[in-house]
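The file start-v2.tsv comes next; it holds TSV, C-alpha atoms.
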```tsv
chain	number	residue	atom	x	y	z
A	1	MET	CA	0.00	0.00	0.00
A	2	ASN	CA	1.23	3.48	-0.89
A	3	ARG	CA	0.93	5.46	2.32
A	4	ALA	CA	0.16	9.16	2.13
A	5	LYS	CA	2.96	11.32	3.57
A	6	VAL	CA	2.03	13.73	6.36
A	7	LEU	CA	4.12	16.50	7.96
A	8	ILE	CA	3.18	17.82	11.42
A	9	VAL	CA	3.85	21.44	12.37
A	10	ASP	CA	3.26	22.42	16.01
A	11	ASP	CA	5.31	24.31	18.58
A	12	SER	CA	4.39	21.82	21.34
A	13	ALA	CA	6.60	18.73	21.47
A	14	LEU	CA	3.84	16.88	23.32
A	15	MET	CA	1.27	17.75	20.64
A	16	ARG	CA	3.66	16.73	17.84
A	17	GLU	CA	4.12	13.38	19.56
A	18	LEU	CA	0.38	12.97	20.09
A	19	LEU	CA	-0.50	13.79	16.48
A	20	ALA	CA	2.24	11.50	15.18
A	21	ASP	CA	0.93	8.66	17.33
A	22	ILE	CA	-2.68	9.12	16.11
A	23	LEU	CA	-1.80	9.41	12.42
A	24	GLY	CA	0.90	6.73	12.59
A	25	ARG	CA	-1.69	4.14	13.59
A	26	ALA	CA	-3.56	4.58	10.28
A	27	ALA	CA	-2.39	1.98	7.78
A	28	ASP	CA	-2.71	4.41	4.85
A	29	LEU	CA	-0.86	7.35	6.42
A	30	GLU	CA	2.84	7.90	7.14
A	31	VAL	CA	4.19	10.72	9.29
A	32	VAL	CA	7.40	11.68	7.46
A	33	GLY	CA	8.46	14.43	9.83
A	34	SER	CA	7.50	17.06	12.38
A	35	ALA	CA	8.49	20.69	12.75
A	36	ARG	CA	8.32	22.98	15.77
A	37	ASP	CA	7.62	26.15	13.76
A	38	PRO	CA	7.11	27.44	10.19
A	39	SER	CA	10.80	28.35	9.74
A	40	GLN	CA	11.68	24.69	10.24
A	41	ALA	CA	8.66	23.45	8.28
A	42	GLY	CA	9.38	25.33	5.03
A	43	PRO	CA	12.58	23.45	4.10
A	44	MET	CA	11.05	20.15	5.28
A	45	ILE	CA	8.07	20.59	2.95
A	46	ALA	CA	10.41	21.26	0.04
A	47	ARG	CA	12.57	18.23	0.88
A	48	LEU	CA	9.98	15.67	2.01
A	49	ARG	CA	7.10	16.69	-0.31
A	50	PRO	CA	4.29	15.68	2.04
A	51	GLN	CA	0.80	15.16	0.61
A	52	VAL	CA	-0.79	16.77	3.69
A	53	VAL	CA	0.45	19.20	6.34
A	54	THR	CA	-1.17	19.53	9.77
A	55	LEU	CA	-0.58	23.07	10.97
A	56	ASP	CA	-1.05	24.61	14.40
A	57	VAL	CA	-3.02	27.85	14.25
A	58	GLU	CA	-1.09	29.71	16.96
A	59	MET	CA	2.73	29.48	17.08
A	60	PRO	CA	5.57	31.79	18.09
A	61	ASN	CA	7.89	33.56	15.61
A	62	CYS	CA	5.76	33.05	12.47
A	63	ASP	CA	2.16	32.14	13.24
A	64	GLY	CA	0.27	29.46	11.33
A	65	ILE	CA	-1.90	31.92	9.41
A	66	THR	CA	1.04	33.89	8.01
A	67	PHE	CA	2.84	30.68	7.08
A	68	LEU	CA	-0.30	29.26	5.42
A	69	GLU	CA	-0.72	32.40	3.33
A	70	GLN	CA	2.88	32.15	2.14
A	71	LEU	CA	2.57	28.42	1.48
A	72	MET	CA	-0.60	28.79	-0.60
A	73	ARG	CA	1.12	31.41	-2.77
A	74	THR	CA	4.39	29.56	-3.33
A	75	ASN	CA	3.83	25.82	-2.84
A	76	PRO	CA	0.13	24.91	-2.44
A	77	VAL	CA	-0.30	21.71	-0.45
A	78	PRO	CA	-3.40	20.40	1.38
A	79	VAL	CA	-3.34	21.76	4.92
A	80	ILE	CA	-5.40	20.72	7.96
A	81	MET	CA	-5.46	23.39	10.65
A	82	VAL	CA	-5.25	22.08	14.22
A	83	SER	CA	-6.92	24.62	16.49
A	84	SER	CA	-7.48	25.16	20.18
A	85	VAL	CA	-11.06	25.68	21.35
A	86	THR	CA	-10.76	29.37	22.13
A	87	GLU	CA	-12.38	32.45	20.63
A	88	ARG	CA	-9.09	33.51	19.06
A	89	GLY	CA	-8.40	29.94	17.89
A	90	SER	CA	-11.81	29.78	16.21
A	91	GLU	CA	-11.35	33.12	14.46
A	92	LEU	CA	-7.90	32.16	13.19
A	93	ALA	CA	-9.13	28.75	12.01
A	94	LEU	CA	-11.86	30.37	9.92
A	95	ARG	CA	-9.33	32.81	8.48
A	96	ALA	CA	-7.19	29.80	7.55
A	97	LEU	CA	-10.09	28.20	5.67
A	98	GLU	CA	-10.59	31.46	3.80
A	99	LEU	CA	-6.90	31.39	2.78
A	100	GLY	CA	-7.12	27.86	1.40
A	101	ALA	CA	-6.77	25.35	4.25
A	102	VAL	CA	-8.75	22.20	3.46
A	103	ASP	CA	-10.30	21.74	6.91
A	104	VAL	CA	-9.96	22.45	10.60
A	105	VAL	CA	-9.93	20.07	13.56
A	106	GLU	CA	-9.88	20.69	17.29
A	107	LYS	CA	-6.69	19.70	19.04
A	108	PRO	CA	-7.06	16.11	20.28
A	109	LYS	CA	-6.80	15.45	23.99
A	110	LEU	CA	-6.52	12.46	26.24
A	111	ASP	CA	-9.58	11.55	28.30
A	112	LEU	CA	-7.82	10.29	31.43
A	113	LYS	CA	-10.94	8.55	32.81
A	114	ALA	CA	-11.76	6.68	29.62
A	115	GLY	CA	-8.14	6.27	28.56
A	116	VAL	CA	-8.91	7.25	24.97
A	117	LEU	CA	-7.99	10.10	22.68
A	118	GLU	CA	-10.89	12.41	21.88
A	119	ARG	CA	-11.26	13.46	18.23
A	120	ALA	CA	-8.57	11.04	17.02
A	121	ASP	CA	-10.92	9.46	14.45
A	122	GLU	CA	-11.95	12.89	13.19
A	123	LEU	CA	-8.33	13.91	12.68
A	124	VAL	CA	-7.54	10.75	10.69
A	125	MET	CA	-10.69	11.13	8.56
A	126	LYS	CA	-9.91	14.76	7.72
A	127	VAL	CA	-6.29	14.02	6.84
A	128	ARG	CA	-7.47	11.23	4.54
A	129	ALA	CA	-9.90	13.61	2.85
A	130	ALA	CA	-7.11	16.15	2.41
A	131	VAL	CA	-4.95	13.61	0.55
A	132	SER	CA	-7.37	13.60	-2.39
A	133	SER	CA	-8.32	17.28	-2.15
A	134	ARG	CA	-7.50	20.18	-4.41
A	135	PRO	CA	-5.92	23.02	-2.43
A	136	ARG	CA	-7.57	26.30	-3.40
A	137	PRO	CA	-5.63	29.41	-2.36
A	138	ARG	CA	-7.69	32.57	-1.81
A	139	PRO	CA	-5.34	35.42	-2.68
A	140	ARG	CA	-8.01	38.09	-3.11
A	141	PRO	CA	-9.58	39.77	-0.07
A	142	ILE	CA	-13.30	39.31	0.45
A	143	SER	CA	-15.14	42.61	0.55
A	144	LEU	CA	-18.34	43.32	2.42
A	145	PRO	CA	-21.38	43.49	0.11
A	146	SER	CA	-23.60	46.46	-0.52
A	147	VAL	CA	-27.20	45.74	0.45
A	148	ALA	CA	-28.37	47.37	-2.78
A	149	ARG	CA	-26.07	45.30	-4.98
A	150	GLN	CA	-27.86	42.77	-7.15
A	151	PRO	CA	-26.55	39.21	-7.61
A	152	THR	CA	-24.08	39.08	-10.43
A	153	ALA	CA	-24.06	36.70	-13.34
A	154	SER	CA	-21.81	33.66	-13.17
A	155	ARG	CA	-18.25	34.54	-14.06
A	156	ASN	CA	-17.76	31.52	-16.26
A	157	PRO	CA	-20.81	29.29	-16.29
A	158	GLY	CA	-19.49	27.05	-19.05
A	159	THR	CA	-21.34	23.91	-20.03
A	160	VAL	CA	-23.76	22.63	-17.43
A	161	PRO	CA	-23.74	18.81	-17.13
A	162	HIS	CA	-27.07	17.12	-16.51
A	163	VAL	CA	-27.75	13.87	-14.72
A	164	SER	CA	-31.35	13.63	-15.89
A	165	PRO	CA	-33.04	15.27	-18.88
A	166	VAL	CA	-33.79	18.93	-18.14
A	167	SER	CA	-33.81	22.02	-20.28
A	168	SER	CA	-30.32	23.11	-21.36
A	169	ALA	CA	-31.43	26.67	-22.03
A	170	ARG	CA	-29.36	29.35	-20.38
A	171	SER	CA	-30.76	30.39	-17.01
A	172	PRO	CA	-32.69	33.67	-17.02
A	173	ALA	CA	-31.94	36.46	-14.60
A	174	LEU	CA	-32.79	35.86	-10.95
A	175	ILE	CA	-36.43	36.60	-10.14
A	176	PRO	CA	-37.41	37.85	-6.67
A	177	VAL	CA	-39.31	35.37	-4.51
A	178	SER	CA	-42.09	36.72	-2.32
A	179	GLN	CA	-43.27	35.00	0.82
A	180	ARG	CA	-45.73	35.95	3.51
A	181	PRO	CA	-43.70	37.00	6.59
A	182	GLY	CA	-44.48	34.62	9.43
A	183	GLY	CA	-46.74	32.49	7.23
A	184	ALA	CA	-46.39	29.04	5.74
A	185	VAL	CA	-43.11	28.32	3.94
A	186	LYS	CA	-43.65	28.26	0.19
A	187	ARG	CA	-40.12	27.11	-0.59
A	188	LEU	CA	-37.19	25.86	1.49
A	189	ILE	CA	-33.53	25.57	0.50
A	190	VAL	CA	-31.41	22.98	2.32
A	191	ILE	CA	-27.66	22.59	1.85
A	192	GLY	CA	-25.19	19.94	3.00
A	193	ALA	CA	-21.39	20.28	2.88
A	194	SER	CA	-18.21	18.97	4.45
A	195	THR	CA	-14.54	19.25	3.45
A	196	GLY	CA	-14.07	22.48	1.50
A	197	GLY	CA	-17.62	23.51	2.29
A	198	THR	CA	-16.92	26.66	4.29
A	199	GLU	CA	-15.70	28.62	1.28
A	200	ALA	CA	-18.18	26.94	-1.08
A	201	LEU	CA	-21.01	28.05	1.19
A	202	CYS	CA	-19.61	31.55	1.32
A	203	GLU	CA	-19.57	31.78	-2.47
A	204	LEU	CA	-23.06	30.33	-2.83
A	205	LEU	CA	-24.76	32.33	-0.07
A	206	ARG	CA	-23.25	35.62	-1.22
A	207	GLU	CA	-25.21	35.27	-4.45
A	208	LEU	CA	-28.60	34.85	-2.77
A	209	PRO	CA	-30.92	37.89	-2.69
A	210	THR	CA	-32.43	39.26	0.50
A	211	ASP	CA	-35.88	37.84	-0.28
A	212	CYS	CA	-34.71	34.28	-0.96
A	213	PRO	CA	-36.56	31.38	0.67
A	214	PRO	CA	-35.43	30.20	4.13
A	215	VAL	CA	-32.14	28.29	4.07
A	216	LEU	CA	-31.01	25.47	6.39
A	217	ILE	CA	-27.39	24.35	6.33
A	218	VAL	CA	-25.42	21.41	7.66
A	219	GLN	CA	-21.67	21.93	7.45
A	220	HIS	CA	-19.47	19.29	9.08
A	221	MET	CA	-17.55	21.41	11.58
A	222	PRO	CA	-16.60	21.19	15.28
A	223	GLY	CA	-19.15	22.77	17.58
A	224	ALA	CA	-16.66	25.39	18.75
A	225	PHE	CA	-16.55	26.92	15.27
A	226	THR	CA	-20.10	26.94	13.86
A	227	GLY	CA	-21.18	30.08	15.72
A	228	LYS	CA	-18.15	32.05	14.53
A	229	PHE	CA	-18.62	30.68	11.01
A	230	ALA	CA	-22.22	31.92	10.97
A	231	GLU	CA	-21.10	35.36	12.20
A	232	ARG	CA	-18.52	35.56	9.42
A	233	LEU	CA	-21.06	34.66	6.74
A	234	ASN	CA	-23.53	37.16	8.16
A	235	LEU	CA	-20.97	39.93	7.54
A	236	LEU	CA	-20.26	38.78	3.99
A	237	CYS	CA	-23.76	38.02	2.70
A	238	ARG	CA	-26.85	40.05	1.82
A	239	ILE	CA	-29.05	37.55	3.62
A	240	ARG	CA	-29.03	37.09	7.40
A	241	VAL	CA	-26.95	34.14	8.59
A	242	ARG	CA	-26.80	32.78	12.13
A	243	GLU	CA	-26.37	29.58	14.09
A	244	ALA	CA	-29.66	27.73	14.49
A	245	LYS	CA	-31.44	27.53	17.85
A	246	ASP	CA	-34.05	24.99	18.82
A	247	GLY	CA	-37.52	26.31	17.99
A	248	ASP	CA	-36.38	28.86	15.39
A	249	THR	CA	-39.02	29.60	12.76
A	250	LEU	CA	-38.03	29.56	9.10
A	251	GLU	CA	-37.93	33.05	7.64
A	252	PRO	CA	-37.27	34.36	4.10
A	253	GLY	CA	-33.85	35.89	3.65
A	254	THR	CA	-32.39	33.98	6.61
A	255	ALA	CA	-29.96	31.06	6.62
A	256	LEU	CA	-29.60	28.92	9.76
A	257	ILE	CA	-26.48	26.80	10.29
A	258	GLY	CA	-26.75	23.64	12.36
A	259	PRO	CA	-24.52	23.86	15.46
A	260	GLY	CA	-21.74	21.28	15.70
A	261	GLY	CA	-22.64	18.39	17.99
A	262	LEU	CA	-26.42	18.47	17.36
A	263	HIS	CA	-28.60	17.19	14.54
A	264	LEU	CA	-30.71	19.73	12.67
A	265	ARG	CA	-34.26	18.91	11.53
A	266	VAL	CA	-37.40	20.68	10.40
A	267	ALA	CA	-40.60	20.01	12.32
A	268	SER	CA	-44.19	21.26	12.29
A	269	GLY	CA	-44.87	24.34	14.44
A	270	LYS	CA	-48.13	26.10	15.26
A	271	SER	CA	-48.25	28.18	12.10
A	272	SER	CA	-45.12	27.25	10.17
A	273	LEU	CA	-42.12	24.96	10.12
A	274	VAL	CA	-39.58	25.25	12.92
A	275	VAL	CA	-36.07	24.01	13.65
A	276	ARG	CA	-35.47	21.15	16.04
A	277	LEU	CA	-32.03	20.37	17.49
A	278	ASN	CA	-31.05	17.25	19.40
A	279	GLY	CA	-28.31	14.66	19.68
A	280	GLU	CA	-30.21	11.63	18.43
A	281	PRO	CA	-29.29	9.35	16.80
A	282	ALA	CA	-26.05	9.44	18.77
A	283	SER	CA	-24.59	6.58	16.70
A	284	LEU	CA	-24.01	8.71	13.58
A	285	PHE	CA	-20.40	9.77	13.07
A	286	HIS	CA	-21.38	13.19	11.73
A	287	LYS	CA	-23.32	15.44	14.06
A	288	PRO	CA	-25.03	17.33	12.55
A	289	SER	CA	-25.75	14.89	9.75
A	290	VAL	CA	-26.84	16.01	6.29
A	291	ASP	CA	-28.95	12.86	5.95
A	292	VAL	CA	-30.91	13.69	9.11
A	293	LEU	CA	-31.78	17.17	7.82
A	294	PHE	CA	-32.61	16.04	4.29
A	295	GLU	CA	-34.80	13.16	5.48
A	296	SER	CA	-36.86	15.46	7.70
A	297	VAL	CA	-37.29	17.86	4.77
A	298	ALA	CA	-38.36	15.06	2.43
A	299	SER	CA	-41.05	14.04	4.91
A	300	LEU	CA	-42.46	17.49	5.73
A	301	VAL	CA	-41.67	19.76	2.79
A	302	GLY	CA	-41.43	17.39	-0.17
A	303	LYS	CA	-41.89	19.08	-3.55
A	304	ARG	CA	-41.59	22.58	-2.07
A	305	ALA	CA	-37.96	21.93	-1.09
A	306	ILE	CA	-34.71	22.49	-2.98
A	307	GLY	CA	-31.75	20.34	-1.90
A	308	VAL	CA	-28.08	21.08	-2.60
A	309	ILE	CA	-25.09	18.91	-1.82
A	310	LEU	CA	-21.66	20.49	-1.93
A	311	THR	CA	-18.03	19.42	-1.64
A	312	GLY	CA	-17.12	16.89	1.04
A	313	MET	CA	-15.74	13.46	1.85
A	314	GLY	CA	-17.92	10.40	2.34
A	315	ALA	CA	-21.58	9.66	1.67
A	316	ASP	CA	-23.47	11.78	4.21
A	317	GLY	CA	-26.43	13.39	2.47
A	318	ALA	CA	-26.72	10.96	-0.45
A	319	ARG	CA	-29.50	8.88	1.14
A	320	GLY	CA	-31.39	11.93	2.35
A	321	LEU	CA	-31.12	13.73	-0.99
A	322	LEU	CA	-32.52	10.64	-2.71
A	323	GLU	CA	-35.49	10.69	-0.34
A	324	MET	CA	-35.98	14.36	-1.16
A	325	ARG	CA	-35.98	13.68	-4.91
A	326	ARG	CA	-38.43	10.82	-4.49
A	327	ALA	CA	-40.67	13.20	-2.54
A	328	GLY	CA	-40.65	15.65	-5.46
A	329	SER	CA	-37.94	18.05	-4.29
A	330	ARG	CA	-35.59	19.65	-6.78
A	331	THR	CA	-32.00	18.53	-6.21
A	332	PHE	CA	-28.58	19.87	-7.19
A	333	ALA	CA	-24.95	18.82	-6.69
A	334	GLN	CA	-21.65	20.63	-7.07
A	335	ASP	CA	-19.55	19.35	-9.97
A	336	GLU	CA	-16.20	17.62	-9.55
A	337	ALA	CA	-14.11	20.40	-11.10
A	338	SER	CA	-15.21	22.97	-8.51
A	339	CYS	CA	-15.14	20.62	-5.48
A	340	VAL	CA	-12.27	20.45	-3.02
A	341	VAL	CA	-13.34	16.83	-2.39
A	342	PHE	CA	-15.91	15.20	-4.70
A	343	GLY	CA	-16.99	12.39	-2.34
A	344	MET	CA	-20.43	13.53	-1.15
A	345	PRO	CA	-21.70	14.83	-4.52
A	346	LYS	CA	-20.29	11.78	-6.30
A	347	GLU	CA	-22.13	9.38	-3.99
A	348	ALA	CA	-25.41	11.30	-4.34
A	349	ILE	CA	-25.08	11.28	-8.14
A	350	ALA	CA	-24.34	7.54	-8.16
A	351	ARG	CA	-27.54	6.84	-6.20
A	352	GLY	CA	-29.69	8.83	-8.61
A	353	ALA	CA	-30.42	11.54	-6.04
A	354	VAL	CA	-29.30	14.48	-8.18
A	355	GLU	CA	-31.35	16.23	-10.83
A	356	ARG	CA	-28.62	18.59	-12.01
A	357	VAL	CA	-24.83	18.77	-11.54
A	358	LEU	CA	-23.52	22.33	-11.67
A	359	PRO	CA	-20.32	24.33	-11.17
A	360	LEU	CA	-20.34	26.04	-7.80
A	361	GLN	CA	-20.69	29.50	-9.36
A	362	SER	CA	-23.91	28.45	-11.14
A	363	ILE	CA	-25.77	26.87	-8.22
A	364	ALA	CA	-27.25	30.00	-6.62
A	365	ARG	CA	-28.72	31.14	-9.95
A	366	ALA	CA	-30.20	27.71	-10.66
A	367	VAL	CA	-31.67	27.43	-7.16
A	368	MET	CA	-33.27	30.87	-7.33
A	369	ASN	CA	-34.71	30.20	-10.77
A	370	VAL	CA	-36.45	27.12	-9.34
A	371	ALA	CA	-37.53	29.08	-6.28
A	372	SER	CA	-39.10	31.73	-8.51
A	373	GLU	CA	-41.37	29.17	-10.17
A	374	ARG	CA	-44.90	28.87	-8.88
A	375	SER	CA	-44.93	26.90	-5.64
A	376	PRO	CA	-46.14	23.34	-6.28
A	377	GLY	CA	-48.42	23.57	-3.25
```
Go ahead and express the file in the form of structure tokens.
Amino acid sequence: MNRAKVLIVDDSALMRELLADILGRAADLEVVGSARDPSQAGPMIARLRPQVVTLDVEMPNCDGITFLEQLMRTNPVPVIMVSSVTERGSELALRALELGAVDVVEKPKLDLKAGVLERADELVMKVRAAVSSRPRPRPRPISLPSVARQPTASRNPGTVPHVSPVSSARSPALIPVSQRPGGAVKRLIVIGASTGGTEALCELLRELPTDCPPVLIVQHMPGAFTGKFAERLNLLCRIRVREAKDGDTLEPGTALIGPGGLHLRVASGKSSLVVRLNGEPASLFHKPSVDVLFESVASLVGKRAIGVILTGMGADGARGLLEMRRAGSRTFAQDEASCVVFGMPKEAIARGAVERVLPLQSIARAVMNVASERSPG
């Protein structure tokens, strides 16, 4: 077996040893070296040519963010950020994802009572995903939008591949979608994403107009980061974005992100649909799970829903998206060329769950064109 080469960069000798022990136990991974800081890591990357680098967010001399920015400009390599669960650590981790890091993981720790390493499996899974990822540097700064600015046309829509026969005509301009405030939901957009999804979601949500249908999102991310991620998106998007709370009603122009560690579902409220958060089923590896959200939407919303599955490793969301399509929902998947990791869309396509496969930059337009059609009831 060809083992993927991993380089560890962390200023703590104990953390370097811990990470090396976790990753070294995986049969398909090989830790080829460790560095105490970026100045030591640079020459090691050039010499050892690792397929993945794990990088501490906060280090002395040259911090992880500055090093990542330099690395993405000069020698792009898949990077997993290893972050502490602090406010500053969360903010820096999100900045790292913006700059091109593939994913972020909380620093593992030893549970002395149980005698096991917490988050070890998550670290291994994310490093494996990074091996097959496409690093995407983000050299340009992201500017805050003007509320009056209209969504722009796709920069390079290209040819749109289709999984099932649909019209190949070029999409018309986005049409505003009206909904009765506080009333029944006419349309609902649900989105699932994992590895590479933070920046994909940013690009997609920035194109949605302020009167778009309610949006529910599951992004595989540690619970310490989802709140900060929602705050960041809220600053960058025209629509309102926040972390979901149990009992939230679904409102036009608002996107709710499922908090890490809890499953996100829709449920019937007194006058409209509401959000429900809980930890069951506890057996699922991903929490929140895209399948859990999509399955609840298939059951309650059916043909009024629009499902989107974005970049990510694994199969989470494929089963739920298929249930949505069988219930009459419209379904979309991000294409391979624009994905950081094509696993989740690929699996959904293979199961027949996807109506259309689109480049990331075309998804918002396609979704809003469907949303502008007369509600099927």
Original post:
Using all atoms listed in the file, which residue out of A:Val218, A:Leu235, A:Ala305, A:Val79 lies closest to Thr198 of chain A?
Top reply: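 Nearest to Thr198 of chain A: A:Val218.
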Original post:
Which residues, protein or nucleic acid, reach to within 10 Å of (5.5, 32.0, 6.6) in the file's coordinates when using all atoms listed in the file, and can you give that as number ranges by chain?
Top reply: A: 37-39, 41-42, 61-72
Would you compute the box with edges along x, y and z of the file around segment 246-253 of chain A, including every atom the file lists for it and 8 Å extra on each side, and give its centre and edge lengths in Å to one decimal, as JSON?
```
{"center_x": -36.4, "center_y": 30.4, "center_z": 11.2, "size_x": 21.2, "size_y": 26.9, "size_z": 31.2}
```
**OP:** Give me the residues within 8 Å of Ser289 of chain A as a list of chain:residue names, counting all atoms listed in the file and dropping any in the same chain fewer than 4 places off.
**Re:** A:Val218, A:His220, A:His263, A:Leu264, A:Leu284, A:Leu293, A:Asp316, A:Gly317
**OP:** Show me as a count of residues only the residues that reach within 12 Å of (-23.7, 17.4, 20.1), counting all atoms listed in the file and using the file's own coordinates.
**Re:** 26
Subject >> Which of A:Ala327, A:Leu205, A:Leu358, A:Leu7 sits closest to Arg49 of chain A [using all atoms listed in the file] >> reply: A:Leu7
Original post:
What separation in Å, quoted to one decimal, exists between atom CA of Gly307 of chain A and atom CA of Asp335 of chain A?
Top reply: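 Between atom CA of Gly307 of chain A and atom CA of Asp335 of chain A the gap works out to 14.7 Å.
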